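As provided, target.txt (compact mmCIF, C-alpha atoms) reads as follows.
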# COMPACT_ATOMS: atom_id res chain seq x y z
CA MET A 1 0.00 0.00 0.00
CA LYS A 2 1.43 3.38 -0.98
CA THR A 3 1.94 5.72 1.97
CA ASN A 4 1.40 9.05 0.25
CA VAL A 5 -1.82 9.92 -1.48
CA SER A 6 -1.74 12.74 -3.98
CA ASP A 7 -5.15 12.14 -5.55
CA PRO A 8 -7.72 14.43 -3.84
CA GLN A 9 -10.52 11.95 -4.56
CA GLU A 10 -8.63 9.18 -2.79
CA GLN A 11 -7.92 11.50 0.14
CA PHE A 12 -11.62 12.21 0.42
CA GLU A 13 -12.33 8.50 0.57
CA ILE A 14 -9.78 8.02 3.37
CA ILE A 15 -11.43 10.83 5.34
CA SER A 16 -14.95 9.44 4.81
CA GLN A 17 -13.92 5.92 5.82
CA ALA A 18 -12.16 7.12 8.98
CA ILE A 19 -15.04 9.38 9.99
CA ALA A 20 -17.50 6.50 9.51
CA LYS A 21 -15.37 4.34 11.82
CA ALA A 22 -15.49 6.97 14.57
CA LYS A 23 -19.26 7.31 14.30
CA GLU A 24 -21.21 7.44 17.57
CA ASN A 25 -22.40 4.01 18.68
CA LEU A 26 -25.93 4.69 19.90
CA LYS A 27 -26.37 1.23 21.43
CA LYS A 28 -23.91 1.88 24.23
CA HIS A 29 -26.04 4.77 25.53
CA SER A 30 -29.01 2.50 26.23
CA PHE A 31 -27.90 1.01 29.57
CA PRO A 32 -28.69 3.93 31.94
CA PHE A 33 -32.14 4.46 30.42
CA ILE A 34 -33.01 0.76 30.76
CA LEU A 35 -31.62 0.50 34.31
CA TRP A 36 -33.34 3.66 35.59
CA GLY A 37 -36.46 2.89 33.57
CA TRP A 38 -36.97 -0.42 35.39
CA LEU A 39 -35.88 0.94 38.78
CA VAL A 40 -38.07 4.05 38.75
CA SER A 41 -41.18 2.47 37.24
CA LEU A 42 -41.07 -0.52 39.61
CA THR A 43 -40.36 1.71 42.62
CA SER A 44 -43.33 3.90 41.68
CA LEU A 45 -45.62 0.87 41.55
CA LEU A 46 -44.15 -0.60 44.75
CA THR A 47 -44.71 2.68 46.60
CA TYR A 48 -48.28 2.85 45.25
CA PHE A 49 -49.10 -0.65 46.47
CA LEU A 50 -47.43 -0.07 49.85
CA MET A 51 -49.39 3.15 50.30
CA ALA A 52 -52.67 1.52 49.26
CA TYR A 53 -52.45 -1.91 50.87
CA SER A 54 -50.05 -1.65 53.83
CA SER A 55 -50.04 0.21 57.09
CA LEU A 56 -46.68 1.85 56.35
CA GLY A 57 -48.21 5.15 55.23
CA ASN A 58 -45.59 7.75 54.26
CA LEU A 59 -42.81 5.34 55.24
CA SER A 60 -43.55 3.64 51.91
CA TYR A 61 -41.61 6.48 50.25
CA LEU A 62 -38.42 5.12 51.85
CA ALA A 63 -38.31 2.77 48.83
CA TRP A 64 -37.10 5.78 46.79
CA PRO A 65 -33.78 6.61 48.50
CA ILE A 66 -33.03 2.86 48.70
CA THR A 67 -33.58 2.21 44.97
CA THR A 68 -31.86 5.49 44.03
CA LEU A 69 -28.75 4.40 45.90
CA LEU A 70 -28.99 0.94 44.30
CA GLY A 71 -29.20 2.62 40.91
CA PHE A 72 -26.14 4.74 41.60
CA VAL A 73 -24.17 1.67 42.71
CA GLY A 74 -25.28 -0.18 39.55
CA MET A 75 -24.19 2.73 37.35
CA LEU A 76 -20.87 3.05 39.13
CA MET A 77 -20.11 -0.65 38.67
CA TYR A 78 -21.15 -0.61 34.99
CA TYR A 79 -19.08 2.44 34.06
CA ARG A 80 -16.05 1.28 36.04
CA LYS A 81 -16.07 -1.93 34.04
CA LYS A 82 -16.51 -0.02 30.77
CA GLU A 83 -13.75 2.45 31.66
CA LYS A 84 -11.26 -0.42 31.85
CA LYS A 85 -12.02 -1.45 28.26
CA LYS A 86 -12.42 2.06 26.82
CA LYS A 87 -10.08 2.86 23.93
CA HIS A 88 -11.56 6.15 22.79
CA GLU A 89 -14.07 8.79 23.80
CA THR A 90 -16.31 10.78 21.50
CA HIS A 91 -17.25 14.41 22.14
CA ILE A 92 -20.86 13.30 22.72
CA GLU A 93 -19.83 10.69 25.31
CA TYR A 94 -17.78 13.32 27.13
CA PHE A 95 -20.62 15.85 27.10
CA LEU A 96 -23.24 13.31 28.24
CA SER A 97 -21.05 12.00 31.04
CA LYS A 98 -20.62 15.55 32.42
CA LEU A 99 -24.32 16.36 31.98
CA TRP A 100 -25.51 13.24 33.83
CA THR A 101 -22.87 13.54 36.55
CA ILE A 102 -24.24 17.00 37.39
CA ILE A 103 -27.87 15.82 37.19
CA GLY A 104 -26.99 12.78 39.32
CA CYS A 105 -25.34 14.99 41.96
CA VAL A 106 -28.38 17.31 42.04
CA ILE A 107 -30.74 14.34 42.50
CA LEU A 108 -28.58 12.69 45.14
CA PHE A 109 -28.27 16.03 46.97
CA PHE A 110 -32.05 16.46 47.08
CA VAL A 111 -32.78 12.81 47.96
CA ILE A 112 -30.44 13.05 50.94
CA LEU A 113 -31.18 16.60 52.08
CA MET A 114 -34.85 17.08 51.19
CA PRO A 115 -36.20 15.64 54.45
CA PHE A 116 -34.11 18.17 56.42
CA ALA A 117 -34.66 21.21 54.18
CA GLU A 118 -36.93 24.00 55.41
CA ILE A 119 -38.10 25.01 51.96
CA LYS A 120 -39.93 22.06 50.48
CA ILE A 121 -39.65 21.49 46.76
CA ASN A 122 -42.38 19.37 45.25
CA PRO A 123 -40.66 16.12 44.17
CA TRP A 124 -43.26 15.71 41.39
CA VAL A 125 -41.79 18.84 39.84
CA LEU A 126 -38.11 18.53 40.73
CA PHE A 127 -37.35 14.98 39.57
CA PRO A 128 -39.32 14.78 36.29
CA VAL A 129 -38.10 18.23 35.21
CA THR A 130 -34.45 17.59 36.12
CA VAL A 131 -34.17 14.19 34.49
CA GLY A 132 -36.53 15.22 31.70
CA ILE A 133 -34.15 18.01 30.66
CA GLY A 134 -31.22 15.57 30.77
CA THR A 135 -33.12 13.01 28.69
CA ALA A 136 -34.31 15.55 26.11
CA VAL A 137 -30.78 16.96 25.74
CA SER A 138 -29.35 13.41 25.44
CA GLY A 139 -31.87 12.60 22.72
CA ALA A 140 -31.08 15.84 20.89
CA VAL A 141 -27.29 15.35 20.87
CA LEU A 142 -27.63 11.68 19.92
CA LYS A 143 -30.15 12.74 17.25
CA PHE A 144 -32.49 10.04 18.53
CA ASN A 145 -36.06 11.32 18.44
CA PRO A 146 -37.77 8.73 20.73
CA LEU A 147 -35.45 9.83 23.54
CA THR A 148 -35.97 13.53 22.86
CA PHE A 149 -39.73 12.98 22.86
CA GLY A 150 -39.44 10.90 26.07
CA GLY A 151 -37.50 13.72 27.76
CA VAL A 152 -40.03 16.37 26.76
CA PHE A 153 -42.90 14.11 27.87
CA LEU A 154 -41.18 13.61 31.23
CA LEU A 155 -40.39 17.26 31.90
CA ALA A 156 -44.00 18.19 31.10
CA PHE A 157 -45.18 15.79 33.86
CA PRO A 158 -45.97 18.58 36.39
CA PHE A 159 -48.45 20.05 33.90
CA TYR A 160 -50.51 17.03 32.85
CA SER A 161 -50.26 15.26 36.22
CA VAL A 162 -52.82 17.73 37.64
CA LEU A 163 -55.40 15.89 35.54
CA VAL A 164 -55.21 12.71 37.67
CA PRO A 165 -56.13 12.23 41.33
CA LYS A 166 -53.21 12.66 43.75
CA GLU A 167 -53.33 9.01 44.86
CA SER A 168 -52.82 7.85 41.25
CA LEU A 169 -49.71 9.98 40.60
CA LEU A 170 -47.38 7.07 41.31
CA VAL A 171 -49.10 4.85 38.73
CA LEU A 172 -49.06 7.66 36.18
CA TYR A 173 -45.35 8.28 36.87
CA ALA A 174 -44.57 4.58 36.32
CA GLY A 175 -46.33 4.76 32.94
CA VAL A 176 -44.54 7.98 31.99
CA ILE A 177 -41.17 6.41 32.82
CA VAL A 178 -41.98 3.43 30.60
CA ILE A 179 -42.62 5.85 27.71
CA SER A 180 -39.73 8.21 28.50
CA TYR A 181 -37.02 5.77 29.53
CA LEU A 182 -37.78 2.11 28.91
CA ILE A 183 -39.13 2.28 25.36
CA PRO A 184 -36.41 4.68 24.06
CA GLY A 185 -33.81 2.67 26.03
CA TYR A 186 -34.76 -0.60 24.32
CA LEU A 187 -35.06 1.14 20.93
CA LEU A 188 -31.50 2.45 21.44
CA LYS A 189 -30.29 -1.01 22.43
CA ASN A 190 -31.69 -2.53 19.25
CA TYR A 191 -30.71 0.39 17.03
CA LYS A 192 -29.14 -0.65 13.74
CA SER A 193 -26.97 2.09 12.24
CA MET B 1 -5.90 27.15 -5.69
CA ASN B 2 -4.03 26.63 -2.38
CA PRO B 3 -1.54 23.77 -2.23
CA LEU B 4 -2.50 20.74 -0.14
CA ASP B 5 -0.91 20.42 3.31
CA PRO B 6 1.98 17.94 2.74
CA LEU B 7 1.58 16.65 6.30
CA LEU B 8 -1.90 15.47 5.47
CA THR B 9 -1.17 13.75 2.20
CA SER B 10 0.15 10.68 4.01
CA ARG B 11 -2.50 7.96 4.22
CA LEU B 12 -1.80 7.21 7.87
CA ARG B 13 -1.56 10.83 9.03
CA LEU B 14 -4.73 11.78 7.16
CA GLY B 15 -6.57 8.74 8.58
CA THR B 16 -5.38 9.64 12.09
CA MET B 17 -6.56 13.23 11.78
CA SER B 18 -9.91 12.11 10.31
CA LEU B 19 -10.52 9.80 13.27
CA LEU B 20 -9.37 12.36 15.84
CA ILE B 21 -11.59 15.11 14.44
CA LYS B 22 -14.60 13.03 15.60
CA LEU B 23 -13.14 12.05 18.96
CA LYS B 24 -12.26 13.78 22.19
CA THR B 25 -9.47 11.31 22.89
CA ALA B 26 -8.21 8.11 21.32
CA SER B 27 -5.75 5.60 22.67
CA PHE B 28 -2.73 4.53 20.65
CA VAL B 29 -4.15 1.00 20.54
CA TYR B 30 -7.45 2.25 19.09
CA LEU B 31 -5.70 4.19 16.31
CA LYS B 32 -3.44 1.23 15.55
CA GLU B 33 -6.44 -1.11 15.23
CA GLU B 34 -8.68 1.23 13.25
CA LEU B 35 -5.94 2.32 10.85
CA ASN B 36 -4.51 -1.16 10.50
CA ALA B 37 -1.04 0.26 11.17
CA THR B 38 2.12 -1.15 12.68
CA GLN B 39 3.24 0.21 16.03
CA GLY B 40 6.49 1.64 14.66
CA ASN B 41 4.97 3.35 11.65
CA LEU B 42 2.10 4.82 13.64
CA SER B 43 4.52 6.17 16.27
CA VAL B 44 6.62 7.90 13.63
CA GLN B 45 3.58 9.50 11.97
CA LEU B 46 2.10 10.58 15.29
CA TYR B 47 5.34 12.31 16.28
CA LYS B 48 5.30 14.20 12.96
CA LEU B 49 1.77 15.41 13.67
CA ARG B 50 2.74 16.29 17.22
CA ASP B 51 5.79 18.27 16.06
CA ALA B 52 3.48 20.27 13.79
CA LYS B 53 1.27 20.87 16.88
CA TYR B 54 -1.68 19.17 15.16
CA ILE B 55 -2.10 16.65 17.97
CA LYS B 56 -1.21 16.21 21.63
CA ILE B 57 0.17 12.95 22.97
CA GLU B 58 -0.29 12.25 26.66
CA LYS B 59 1.06 9.28 28.54
CA ARG B 60 -0.42 8.14 31.83
CA PHE B 61 -1.23 5.04 33.83
CA LYS B 62 -4.68 3.48 33.86
CA GLY B 63 -4.56 1.22 36.88
CA SER B 64 -1.26 -0.56 36.45
CA HIS B 65 -1.21 -0.32 32.63
CA PRO B 66 0.49 2.47 30.67
CA LEU B 67 -1.85 4.34 28.36
CA THR B 68 -1.03 6.68 25.49
CA GLU B 69 -3.84 9.09 24.66
CA ILE B 70 -3.98 11.27 21.59
CA LYS B 71 -6.07 14.41 21.11
CA ILE B 72 -6.39 16.78 18.19
CA THR B 73 -5.44 20.40 18.96
CA ALA B 74 -7.23 23.59 17.84
CA GLN B 75 -4.40 24.07 15.33
CA GLY B 76 -4.96 20.52 14.10
CA VAL B 77 -8.70 21.12 13.67
CA HIS B 78 -7.95 24.29 11.69
CA ALA B 79 -5.37 22.51 9.49
CA PHE B 80 -7.77 19.62 8.85
CA GLU B 81 -10.64 21.95 7.96
CA GLU B 82 -8.40 23.93 5.59
CA HIS B 83 -7.23 20.68 4.01
CA VAL B 84 -10.82 19.52 3.42
CA LYS B 85 -11.67 22.96 1.99
CA ASN B 86 -8.72 22.75 -0.41
CA LEU B 87 -9.63 19.19 -1.40
CA LYS B 88 -13.14 20.37 -2.22
CA ASN B 89 -11.68 23.14 -4.36
CA TYR B 90 -9.55 20.62 -6.26
CA LEU B 91 -12.59 18.43 -6.83
CA HIS B 92 -14.82 21.42 -7.63
CA LEU B 93 -17.21 20.42 -4.84
CA PRO B 94 -19.47 22.99 -3.18
Once you've parsed the file, please lay out its structure as structure tokens.
Amino acid sequence: MKTNVSDPQEQFEIISQAIAKAKENLKKHSFPFILWGWLVSLTSLLTYFLMAYSSLGNLSYLAWPITTLLGFVGMLMYYRKKEKKKKHETHIEYFLSKLWTIIGCVILFFVILMPFAEIKINPWVLFPVTVGIGTAVSGAVLKFNPLTFGGVFLLAFPFYSVLVPKESLLVLYAGVIVISYLIPGYLLKNYKS
Amino acid sequence: MNPLDPLLTSRLRLGTMSLLIKLKTASFVYLKEELNATQGNLSVQLYKLRDAKYIKIEKRFKGSHPLTEIKITAQGVHAFEEHVKNLKNYLHLP
């Protein structure tokens, strides 16, 4: 193989081939959406059933910090394992890792400190809006419309949730997470470029 | 018509720059695999690009393994973009 290429057409082909090789692999972004999709939707349903059919009352909400911590541990283990094998990083991967680290810190901060805070922030506004923005931005930079739509649907939760009775919010939230996280997550996982 | 950048007329150097333009960082191993290059040849070409300040080469340890990471610089991005612009001119592309 000759080492120098003087033909501009051939140079263009080399550039196109190399750029195609470095193309973003959408599949590898599916894991967090699938993990959190299952965790959050199942925790919503669990809390609903505990509230409705047990004597735990508001203690049922303790399921949330427990599953959130489990989710964080799961993410940490997954990305530690991936980091060991990582040979390159795209600009999108770098941006998304910073975005979700900040969102994760905000969520963890509120989950831990909310019970002690004097000013109460409605969790039905804080969590869907925070993660909804992250999901919509992720979908936009990955150019993956189901995720962008899921993010917008999630961050609009505080608006349409007023249409259902308060005791059904948890069931509605589980359904919204299936649409916003689980479906786009599995579509990403099975995406064929 | 502007002359083509002689640094970017080498197959391996052009391939390296084309990969790096899409990436934040790439390991030496990744470039070697994707470009189907030998270790010695790739090293030589990378040092040429580094000397021209088109790329940055950083060496560190990842756990107990040495890792060589390569990043494109702002100067490298500019040179690559100019090169593509000149190629388009040669090929009369818009």
**Request:** Counting all atoms listed in the file, figure out which residue out of A:Phe159, A:Phe144, A:Phe12, A:Trp36 gets nearest to Trp124 in chain A.
**Result:** A:Phe159
Taking 5 positions as the minimum chain separation for residues in the same chain, which residues sit within 9 Å of Gly151 in chain A when counting only C-alpha atoms? Answer as a CSV table (one decimal) with C-alpha atoms, keeping the file's coordinate frame.
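Once written, around04.csv looks like this:
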chain,number,residue,atom,x,y,z
A,128,PRO,CA,-39.3,14.8,36.3
A,129,VAL,CA,-38.1,18.2,35.2
A,131,VAL,CA,-34.2,14.2,34.5
A,132,GLY,CA,-36.5,15.2,31.7
A,133,ILE,CA,-34.2,18.0,30.7
A,134,GLY,CA,-31.2,15.6,30.8
A,135,THR,CA,-33.1,13.0,28.7
A,136,ALA,CA,-34.3,15.6,26.1
A,137,VAL,CA,-30.8,17.0,25.7
A,138,SER,CA,-29.4,13.4,25.4
A,139,GLY,CA,-31.9,12.6,22.7
A,146,PRO,CA,-37.8,8.7,20.7
A,156,ALA,CA,-44.0,18.2,31.1
A,180,SER,CA,-39.7,8.2,28.5
A,181,TYR,CA,-37.0,5.8,29.5
**Prompt:** Any idea which chain A residues end up within 9 Å of chain B if we count only C-alpha atoms, as number ranges by chain please?
**Reply:** A: 2-9, 11-12, 14-24, 84, 86-94
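If you look at CA of Leu108 in chain A and CA of Gly37 in chain A, they are 17.1 Å away from each other.
Closest to Val73 in chain A among A:Ile121, A:Leu56, A:Val178, A:Leu35 is A:Leu35, based on only C-alpha atoms.
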**Distance query Leu172 in chain A at most 10 Å, all atoms listed in the file, self and fewer than 5 positions along chain excluded, as a ChimeraX atom specification** = /A:41,44-45,157,161,164-167,177-178
**Request:** Compute the distance from (0.6, 14.1, 13.9) to each atom, counting only C-alpha atoms, keep the residues with any atom at most 10 Å away, and return them as a PyMOL selection string; use the coordinates of the file.
**Result:** chain B and resi 7-8+12-14+16-17+42-57+70-72+76
